[in-house]
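Notes follow once the structure below has been shown.
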Number of protein chains: 2
Amino acid sequence: MKSQSLQFKPQTPDDSAAGGASLKRQNGENQAVTMRDVAKSSGFSPATVSIVLNNAPLARYIAPATKKRIEVAAKKLGYRPNAMARFLRSKRSHSVGVMFFDITDPFCTPVLRGIENALYQCSYVPIFADAHNQKNRFERYLEMLLEHHVEALIVVANWLFVDIQLLADLSKRNITAATIGWEMPGDAVSSVMVDNEAGGRLALEHLHQMGHRKIAFIRGPKMLIDSAPRWKGIQKFAHSAGMTIDPALVLQLPDSFDPNSGFEGGFRFTEELLQRKKRFTALVAFDDLTALGAIRALTKAGVNVPENCSVVGFDDVPLSALSAPSLTTVRQPLEAMGNLAVNIVMEGVNARLEKRDWNTSRHKMNPELVIRDSTRAVALSGSDD
Amino acid sequence: MKSQSLQFKPQTPDDSAAGGASLKRQNGENQAVTMRDVAKSSGFSPATVSIVLNNAPLARYIAPATKKRIEVAAKKLGYRPNAMARFLRSKRSHSVGVMFFDITDPFCTPVLRGIENALYQCSYVPIFADAHNQKNRFERYLEMLLEHHVEALIVVANWLFVDIQLLADLSKRNITAATIGWEMPGDAVSSVMVDNEAGGRLALEHLHQMGHRKIAFIRGPKMLIDSAPRWKGIQKFAHSAGMTIDPALVLQLPDSFDPNSGFEGGFRFTEELLQRKKRFTALVAFDDLTALGAIRALTKAGVNVPENCSVVGFDDVPLSALSAPSLTTVRQPLEAMGNLAVNIVMEGVNARLEKRDWNTSRHKMNPELVIRDSTRAVALSGSDD
DNA sequence: GTTCGATATTGAAACGATTAAATACAGCGA
DNA sequence: TCGCTGTATTTAATCGTTTCAATATCGAAC
C-alpha cells in the first residue's frame, strides 16, 4: 500500500520527460532543486535561466514572457541558487571574514552588530572568527577564511600583534581588508578608529568643568595602540587649561592579553592609589572595565562614587549604562564603526570587480562624552586640602 | 629593465613545461595556486594529489615517497584547497550556520564563544546570523544559510517565535539542527537547555538557607520558555520547605522583544513592589538584567543591597561578576551549552555522512549557584515584623 | 604461462552554476 | 538575393575539486 502511494505520485506536472535523475529525486525527496530543474520545468535552457535570474546584461534581450515563465517556475520549485557553484564560476563567495581578537571583550559585541547589520544589507554573510588573543589561532583562522574565499576581511583588534604576514597574505590574494580599533603600518589595509586624542581631551575637560583639579589617572597598557593618544589628549588639555598632572597620581596598566583584566587592574591600581594617601577628587580610567574596577575599589575603601570621587571611563561598552552607579564615559560609536568598515571593504570589492582603482583609507571617528552618574561637580565643602 | 626582470624569473624550478596558464600566473601574481599546480609541480596527477592531501581511503595504496613529494610541493607552493570547488563535488561546505535571536543580549556572548571554540576544533567555520528578534530577518537569514549550504544549523533563541517553517525547511534539506535555550515542538530538532526548574529551586533554597522568608519575585515574561519552569522550581521548593509565597510580592514581566528591557523592567517592577509597602528581605529576579534593574531601584530607594535586601539573578551573564554589588546568581553553563550543541550537530552530520541512523536529543544541563555579594543572611536585628 | 590479488596511479566524469561565443530568425535597406 | 542589425536563445567551455572505474606493474600461486 505504502509503496504504491510512493510510486504513483499524485502530481508530477513538470518532470514529464523524467529520466534517471528524476527518479533519484523522487527517492531522495530532499535533493536540492537545481537550475537544470528550473530550465526543464520552464522549457528553456539553463543559460537562459541563469541570465534571467541574475538579471545579467544579456537579460535585456530576453522576452518578458520568458522571464515571467522562468521566474514562476523557479518560485514554484523553490529554487535556491547554489552559492558554491556560483562562486566557483564567478569568483564571488558573498561572504566576508570577520575576525575578532577576543569576542568576550564587551567592546566587541556592538561592533559585531554593526558589521552584521551592514553586511546583511548587501546580502553578504559574515564568517565569524575569534582569535582568542592567540597568534597561531589568528593565523589558522586566516587560513580557513582564505580557503572559504571570503571576498573581504574585517579584523577587530584592540590588542595588537598582527604581523606583516597578514598584510602579505591579503595583498597576495588581493582581498580588501579593514581593521577596527587598530591600524596597520603602511597603507595596505584600511582602518577605522576612534579619535582617541579627542576622547582623552573630552574626559578631562568634563572633569575640569566640574571643578576637579586633583585627578588620578590609570593609563592603558603600552602595547595598546589606544593608550598613547588618549594620554596625549589628556596632557594637551591639561596644558591648555593650566592644570598640572601629579605624577604620583598616574599609574599605567601592565600589558596583558586578557581583555577582562581591565577590571582587575582598575581595582588593584586604585587600591594602590588610595594607599598613597594623596587626595584626589576624580579618576580617569583607561576604559570602562578599568573604571568599574576602580569604582569597586573606591566603594570598598568607603569612598563613595560620585559623592567623594568622580570616575570617567572610555568606550561606553553596553554594561556601562547598567552598572551602579552608571558610568560617565567617552563613547566610541562602535556600531557605526562596524558599519563603516563594511562600507569600506565593500567599496574595495566593487572596485576590483569593476577593475577600478581604489585606495585604502584611514578613518578617525568622533568620540562623544556620555554623562551618567559616576561624575559630579567637586564638593564645595572646603576639605579640599 | 623592469620588464626584463619580469620575463627572466630567477627561479622556476617546477613550472618547466609552462604553457599559457603559467604565463598568466606570472602576470596575475595573485592567482590562487590550484591542485593542478601541485600536480604539475610534484609530477603526479591531480587525482593522486587529492587522494594524498585528503588522506582519502585510497591513500593506503600510495607510496610513502609519493606522499612526501606531494606534500612538500603543496607546502612549497602554498597550496590551499578551494573550499567551494571541494564542496561542489563532496557536498561538504565545512560551515555551520549560527543564528542568534539577538546578539546584544549578554546571554549570547558566552554561547557564541562556546560554539566558535567547538567548531574550531573540527575545522568548521561559523556563519554568523543575527535575527534582531525579527521574524522576517530570521527567515531571510535562513535562506542565505541554505544558499551557502551550511552543513548544520544552531539557533540560539531565548525569545521564541520560531515557526514550523524552520522545521520544514530543515528536514526537507536534511540539515541537522540544534537549538540552545529553546525547544521546538516535535523531535525534528535537538535542543540544549538549562534545567530551569532546578535553577529556580537553587535560587530560593539559597535565600531560605540564609533565613529569608519574606521574598519578592519578579517572574519572566509568559512567552519566554524559561519563565514557567523557573517559577515551578520556586513553587516546588517553597512548598517542600513549608514557605508561603505572598502573591502581593509577585510580579511578572510583560512580553517584550528587547532583551535589555529586563533591566528597565526589573527597575520599574521593583519600584512598584516598594510602593506596596509590604516588607521583603530578598528578591528573586527572573534573570541577571532584571536583578541589576532591581538593585538599582532598591539602592535608589535607600534600600542597600545586600544589607537590607538580598537579590538573586539567573544566567550569570558576564557582567554579573562586575556589577556593584556583584550578583549572586544561578549560573547557566553557557559556554558548555554552545559546545554541546556543536557536538550534537556534528554527530548528526557524521551520521548522515556514514549513512548511519541518528536521533535528535534533548539536553538539560545543570545550573549552579554562584554566591557573590548581592545576598546575605537575613538581619537578626528583630525588626522582622 | 596464464590468472590472480595486491599495490600504485591516473583518466575522465561529475558537481551546479556563469558567460563568451554561436546560432536562429526577423525585418530591412541596397 | 545578399548582407546587416537587432532580438532571443542555446551550446559548450569553464571554475577546482572528488571519486569511480580503469590501467599498469609485479610477484605469487595455480
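Ordering of the C-alpha cells sets the chain letters (A, B, ...); residue numbers start at 1 within each chain; ligands are numbered from 1 in the order shown.
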
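Any residue of chain A with an atom within 10 Å of chain D counts; using only C-alpha atoms (C1' of nucleotides), that gives A:Phe44, A:Ser45, A:Pro46, A:Ala47, A:Thr48, A:Leu58, A:Ala59, A:Arg60, A:Tyr61, A:Ile62, A:Ala63, A:Thr66, A:Ala85, A:Arg86, A:Phe87, A:Leu88, A:Arg89, A:Ser90, A:Lys91.
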
Range 64-247 of chain A: residues DSSP assigns to strand (DSSP E), reported as a PyMOL selection string | chain A and resi 95-100+125-130+152-156+176-180+190-194+215-219

For N, CA and C atoms, I'd like the residues from the last selection saved as an mmCIF file, in the first residue's frame.
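Contents of the output file result04.cif:
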data_model
loop_
_atom_site.group_PDB
_atom_site.id
_atom_site.type_symbol
_atom_site.label_atom_id
_atom_site.label_comp_id
_atom_site.auth_asym_id
_atom_site.auth_seq_id
_atom_site.Cartn_x
_atom_site.Cartn_y
_atom_site.Cartn_z
ATOM 1 N N SER A 95 30.676 36.270 0.895
ATOM 2 C CA SER A 95 30.943 36.156 2.327
ATOM 3 C C SER A 95 32.143 37.019 2.698
ATOM 4 N N VAL A 96 32.151 37.456 3.921
ATOM 5 C CA VAL A 96 33.227 38.296 4.424
ATOM 6 C C VAL A 96 33.741 37.691 5.733
ATOM 7 N N GLY A 97 35.028 37.610 5.871
ATOM 8 C CA GLY A 97 35.591 37.129 7.126
ATOM 9 C C GLY A 97 35.563 38.230 8.174
ATOM 10 N N VAL A 98 35.133 37.888 9.364
ATOM 11 C CA VAL A 98 35.092 38.869 10.449
ATOM 12 C C VAL A 98 35.865 38.287 11.619
ATOM 13 N N MET A 99 37.040 38.815 11.821
ATOM 14 C CA MET A 99 37.918 38.242 12.835
ATOM 15 C C MET A 99 38.001 39.138 14.065
ATOM 16 N N PHE A 100 37.694 38.552 15.205
ATOM 17 C CA PHE A 100 37.821 39.276 16.464
ATOM 18 C C PHE A 100 39.034 38.769 17.221
ATOM 19 N N VAL A 125 27.171 37.234 3.886
ATOM 20 C CA VAL A 125 27.196 36.589 5.198
ATOM 21 C C VAL A 125 28.567 36.779 5.841
ATOM 22 N N PRO A 126 28.581 36.964 7.158
ATOM 23 C CA PRO A 126 29.838 37.058 7.880
ATOM 24 C C PRO A 126 30.300 35.677 8.308
ATOM 25 N N ILE A 127 31.553 35.392 8.046
ATOM 26 C CA ILE A 127 32.141 34.187 8.636
ATOM 27 C C ILE A 127 32.901 34.646 9.868
ATOM 28 N N PHE A 128 32.480 34.117 10.982
ATOM 29 C CA PHE A 128 32.944 34.614 12.265
ATOM 30 C C PHE A 128 34.191 33.873 12.725
ATOM 31 N N ALA A 129 35.174 34.631 13.185
ATOM 32 C CA ALA A 129 36.392 34.009 13.698
ATOM 33 C C ALA A 129 36.830 34.746 14.956
ATOM 34 N N ASP A 130 37.289 34.004 15.928
ATOM 35 C CA ASP A 130 37.709 34.608 17.194
ATOM 36 C C ASP A 130 39.100 34.091 17.534
ATOM 37 N N ALA A 152 36.310 39.667 1.468
ATOM 38 C CA ALA A 152 36.966 40.726 2.223
ATOM 39 C C ALA A 152 37.171 40.257 3.642
ATOM 40 N N LEU A 153 37.977 41.001 4.359
ATOM 41 C CA LEU A 153 38.268 40.627 5.741
ATOM 42 C C LEU A 153 38.192 41.858 6.630
ATOM 43 N N ILE A 154 37.504 41.705 7.745
ATOM 44 C CA ILE A 154 37.465 42.774 8.730
ATOM 45 C C ILE A 154 38.056 42.236 10.019
ATOM 46 N N VAL A 155 39.035 42.936 10.531
ATOM 47 C CA VAL A 155 39.700 42.487 11.754
ATOM 48 C C VAL A 155 39.422 43.480 12.872
ATOM 49 N N VAL A 156 38.836 42.988 13.929
ATOM 50 C CA VAL A 156 38.551 43.833 15.082
ATOM 51 C C VAL A 156 39.592 43.537 16.151
ATOM 52 N N THR A 176 40.375 42.742 -0.081
ATOM 53 C CA THR A 176 40.372 44.014 0.634
ATOM 54 C C THR A 176 40.118 43.754 2.104
ATOM 55 N N ALA A 177 40.805 44.512 2.931
ATOM 56 C CA ALA A 177 40.692 44.297 4.367
ATOM 57 C C ALA A 177 40.579 45.617 5.087
ATOM 58 N N ALA A 178 39.979 45.554 6.249
ATOM 59 C CA ALA A 178 39.908 46.739 7.096
ATOM 60 C C ALA A 178 40.061 46.298 8.542
ATOM 61 N N THR A 179 40.685 47.139 9.326
ATOM 62 C CA THR A 179 40.790 46.856 10.752
ATOM 63 C C THR A 179 39.932 47.862 11.519
ATOM 64 N N ILE A 180 39.438 47.418 12.651
ATOM 65 C CA ILE A 180 38.678 48.299 13.528
ATOM 66 C C ILE A 180 39.401 48.348 14.870
ATOM 67 N N SER A 190 42.888 49.285 5.158
ATOM 68 C CA SER A 190 42.123 50.425 5.678
ATOM 69 C C SER A 190 41.869 50.245 7.168
ATOM 70 N N SER A 191 41.549 51.320 7.833
ATOM 71 C CA SER A 191 41.293 51.194 9.266
ATOM 72 C C SER A 191 40.217 52.167 9.723
ATOM 73 N N VAL A 192 39.553 51.768 10.787
ATOM 74 C CA VAL A 192 38.543 52.611 11.423
ATOM 75 C C VAL A 192 38.882 52.680 12.907
ATOM 76 N N MET A 193 39.098 53.887 13.368
ATOM 77 C CA MET A 193 39.458 54.066 14.778
ATOM 78 C C MET A 193 38.600 55.181 15.354
ATOM 79 N N VAL A 194 38.579 55.266 16.666
ATOM 80 C CA VAL A 194 38.012 56.436 17.284
ATOM 81 C C VAL A 194 39.149 57.447 17.422
ATOM 82 N N ILE A 215 43.311 65.027 40.153
ATOM 83 C CA ILE A 215 42.745 63.914 39.396
ATOM 84 C C ILE A 215 43.769 62.790 39.249
ATOM 85 N N ALA A 216 43.300 61.593 39.485
ATOM 86 C CA ALA A 216 44.160 60.426 39.305
ATOM 87 C C ALA A 216 43.912 59.821 37.915
ATOM 88 N N PHE A 217 44.937 59.163 37.415
ATOM 89 C CA PHE A 217 44.823 58.560 36.078
ATOM 90 C C PHE A 217 45.299 57.121 36.086
ATOM 91 N N ILE A 218 44.545 56.274 35.459
ATOM 92 C CA ILE A 218 45.040 54.922 35.200
ATOM 93 C C ILE A 218 45.178 54.796 33.694
ATOM 94 N N ARG A 219 46.400 54.814 33.239
ATOM 95 C CA ARG A 219 46.658 54.782 31.798
ATOM 96 C C ARG A 219 46.582 53.366 31.257
#

Return the neighbours of chain A among the residues of chain C, cut-off 7 Å, counting only C-alpha atoms (C1' of nucleotides), as a count of residues only.
-> 3

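The two identical-sequence chains, chain A and chain B, differ by a C-alpha RMSD of 0.3 Å after optimal least-squares superposition.
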
Within 10 Å of range 246-256 of chain A, counting only C-alpha atoms (C1' of nucleotides), which residues show up once you throw out same-chain ones fewer than 4 positions away? Write them as a ChimeraX atom specification, please.
-> /A:159,214-224,227,260-262,265-266,268-270,272-274,276,278-280,283-286,290

Apply DSSP to the structure's backbone, then extract all residues of range 135-356 of chain B labelled helix (DSSP H, G or I) and return them as a PyMOL selection string.
-> chain B and resi 135-147+164-172+196-209+227-240+247-249+261-275+288-300+318-321+334-353

If you count only C-alpha atoms (C1' of nucleotides), which residues fall within 10 Å of range 353-358 of chain B, apart from same-chain ones fewer than 5 positions away, as a list in words?
-> Lys91, Arg92, Glu347 and Gly348 of chain B

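For the choices B:Val305, B:Met210, B:Val49, B:Ile70, the atom-to-atom distance to chain A is smallest for B:Val305 when using only C-alpha atoms.
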
The residue from B:His94, B:Asn366, B:Ala321, B:Arg352 with the smallest atom-to-atom distance to Glu264 in chain A, counting only C-alpha atoms, is B:Ala321

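Nearest-residue note for chain A: choosing from B:Ala379, B:Ala118, B:Leu207, B:Met365, the minimum distance belongs to B:Ala118, counting only C-alpha atoms.
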